[in-house]
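Undergrad: Could you have a look at this structure, given as structure tokens, before my questions?
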Amino acid sequence: MEFCIHESLPIYSGGLGVLAGDHLKSASDLNIPLIGIGLLYRQGYFQQQIDRDGNQIEKLPFLDYSQLPISLVTDKEGNETLVS
């Protein structure tokens, strides 16, 4: 569900996401056909900060899809590809 491909695409929260991303990158380097399907939320994983009193403060990044290195997958006729 989560994989780290690049820091500009924050769809991972930690070590397992980084490991999954490494598998995708290795498959690409070895020319192995592998596809990663995940979830892309408008707000990615929150970033945690601790204030002076020790309280957790969550910062939810807003993802502007037009600024991310992603593109819509389409079929030969240009129709949006849906995964059921």
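Ligands are numbered from 1 in the order shown, residues from 1 within each chain, and chains are lettered A, B, ... in the order they appear in the structure tokens.
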I want to know what sits within 7 Å of Gly38 in chain A, based on only C-alpha atoms, with residues of the same chain fewer than 2 positions away left out; could you give that as number ranges by chain?
TA: A: 1-2, 36, 40
Undergrad: Excluding Tyr65 in chain A and residues on its chain fewer than 6 positions from it, collect all residues at most 10 Å away from it, counting only C-alpha atoms, and give them as a PyMOL selection string.
TA: chain A and resi 9+40-42+71
Undergrad: Residues as selected, all heavy atoms, written as a PDB file, in the first residue's frame, can you do that?
TA:
ATOM      1  N   LEU A   9       7.055  12.516  -3.389  1.00  0.00           N
ATOM      2  CA  LEU A   9       5.797  11.768  -3.400  1.00  0.00           C
ATOM      3  C   LEU A   9       5.632  11.095  -2.041  1.00  0.00           C
ATOM      4  O   LEU A   9       6.014   9.944  -1.854  1.00  0.00           O
ATOM      5  CB  LEU A   9       5.827  10.732  -4.529  1.00  0.00           C
ATOM      6  CG  LEU A   9       4.524  10.055  -4.914  1.00  0.00           C
ATOM      7  CD1 LEU A   9       3.476  11.081  -5.324  1.00  0.00           C
ATOM      8  CD2 LEU A   9       4.765   9.093  -6.051  1.00  0.00           C
ATOM      9  N   LEU A  40      -3.175   7.107  -3.206  1.00  0.00           N
ATOM     10  CA  LEU A  40      -2.699   8.478  -3.244  1.00  0.00           C
ATOM     11  C   LEU A  40      -3.773   9.371  -2.637  1.00  0.00           C
ATOM     12  O   LEU A  40      -4.826   9.582  -3.224  1.00  0.00           O
ATOM     13  CB  LEU A  40      -2.390   8.905  -4.685  1.00  0.00           C
ATOM     14  CG  LEU A  40      -1.874  10.317  -4.865  1.00  0.00           C
ATOM     15  CD1 LEU A  40      -0.553  10.502  -4.117  1.00  0.00           C
ATOM     16  CD2 LEU A  40      -1.669  10.610  -6.341  1.00  0.00           C
ATOM     17  N   TYR A  41      -3.507   9.836  -1.443  1.00  0.00           N
ATOM     18  CA  TYR A  41      -4.445  10.704  -0.742  1.00  0.00           C
ATOM     19  C   TYR A  41      -4.082  12.156  -0.977  1.00  0.00           C
ATOM     20  O   TYR A  41      -2.912  12.488  -1.165  1.00  0.00           O
ATOM     21  CB  TYR A  41      -4.416  10.419   0.764  1.00  0.00           C
ATOM     22  CG  TYR A  41      -4.943   9.066   1.144  1.00  0.00           C
ATOM     23  CD1 TYR A  41      -4.077   8.054   1.555  1.00  0.00           C
ATOM     24  CD2 TYR A  41      -6.305   8.795   1.092  1.00  0.00           C
ATOM     25  CE1 TYR A  41      -4.569   6.804   1.907  1.00  0.00           C
ATOM     26  CE2 TYR A  41      -6.795   7.553   1.438  1.00  0.00           C
ATOM     27  CZ  TYR A  41      -5.921   6.565   1.851  1.00  0.00           C
ATOM     28  OH  TYR A  41      -6.397   5.334   2.193  1.00  0.00           O
ATOM     29  N   ARG A  42      -5.082  13.022  -0.950  1.00  0.00           N
ATOM     30  CA  ARG A  42      -4.850  14.459  -1.114  1.00  0.00           C
ATOM     31  C   ARG A  42      -3.954  14.975   0.005  1.00  0.00           C
ATOM     32  O   ARG A  42      -3.150  15.854  -0.186  1.00  0.00           O
ATOM     33  CB  ARG A  42      -6.189  15.199  -1.138  1.00  0.00           C
ATOM     34  CG  ARG A  42      -6.109  16.656  -1.421  1.00  0.00           C
ATOM     35  CD  ARG A  42      -5.610  17.014  -2.782  1.00  0.00           C
ATOM     36  NE  ARG A  42      -6.537  16.687  -3.839  1.00  0.00           N
ATOM     37  CZ  ARG A  42      -6.278  16.929  -5.115  1.00  0.00           C
ATOM     38  NH1 ARG A  42      -5.170  17.496  -5.475  1.00  0.00           N
ATOM     39  NH2 ARG A  42      -7.124  16.594  -6.043  1.00  0.00           N
ATOM     40  N   SER A  71       1.512  10.767 -13.395  1.00  0.00           N
ATOM     41  CA  SER A  71       0.643  10.970 -14.549  1.00  0.00           C
ATOM     42  C   SER A  71      -0.451   9.915 -14.531  1.00  0.00           C
ATOM     43  O   SER A  71      -0.267   8.819 -14.008  1.00  0.00           O
ATOM     44  CB  SER A  71       1.431  10.906 -15.861  1.00  0.00           C
ATOM     45  OG  SER A  71       2.053   9.658 -16.005  1.00  0.00           O
TER      46      SER A  71
END
Undergrad: Set the distance at 9 Å and use only C-alpha atoms: which residues neighbour Ser13 in chain A once local chain neighbours fewer than 5 positions away are removed? I'd like the list as an MDAnalysis selection string.
TA: chainID A and resid 2:4 18 45:46
Undergrad: For CA of Leu60 in chain A and CA of His6 in chain A, determine how far apart the two atoms are, in Å to one decimal place.
TA: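 Atom-to-atom, CA of Leu60 in chain A and CA of His6 in chain A are spaced 18.2 Å apart.
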Undergrad: Which polymer residues have any atom within 12 Å of an atom of Pro69 in chain A, counting only C-alpha atoms, with same-chain residues fewer than 6 positions away left out, as a short mmCIF file (atom, residue, chain, number, x, y, z; two decimals) with C-alpha atoms, in the first residue's frame?
TA:
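Okay, selection-v5.cif is ready:
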data_model
loop_
_atom_site.label_atom_id
_atom_site.label_comp_id
_atom_site.auth_asym_id
_atom_site.auth_seq_id
_atom_site.Cartn_x
_atom_site.Cartn_y
_atom_site.Cartn_z
CA ILE A 5 10.01 6.16 -4.71
CA HIS A 6 11.06 9.77 -4.10
CA GLU A 7 10.67 12.27 -1.27
CA SER A 8 8.49 14.47 -3.51
CA LEU A 9 5.80 11.77 -3.40
CA PRO A 10 5.02 11.31 0.33
CA LEU A 63 -0.64 17.40 -2.12
#
Undergrad: What does the distance from CA of Asp75 in chain A to CA of Phe62 in chain A come to in Å, to one decimal?
TA: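 If I compute the distance from CA of Asp75 in chain A to CA of Phe62 in chain A, I get 28.8 Å.
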Undergrad: For CA of Ser66 in chain A and CA of Ser84 in chain A, determine how far apart the two atoms are, in Å to one decimal place.
TA: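 About the pair CA of Ser66 in chain A and CA of Ser84 in chain A: they are 24.6 Å apart.
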Undergrad: Looking only at the backbone, which of the residues in chain A does DSSP tag as strand (DSSP E or B), as a VMD selection string?
TA: chain A and resid 43 47 to 50 56 to 59 62 74 80
Undergrad: Can you pull out every residue within 6 Å of Ile57 in chain A, counting only C-alpha atoms, but drop anything in the same chain fewer than 4 positions away, and send it as a list in words?
TA: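 So the residues in contact are Gln48, Gln49 and Ile50 of chain A.
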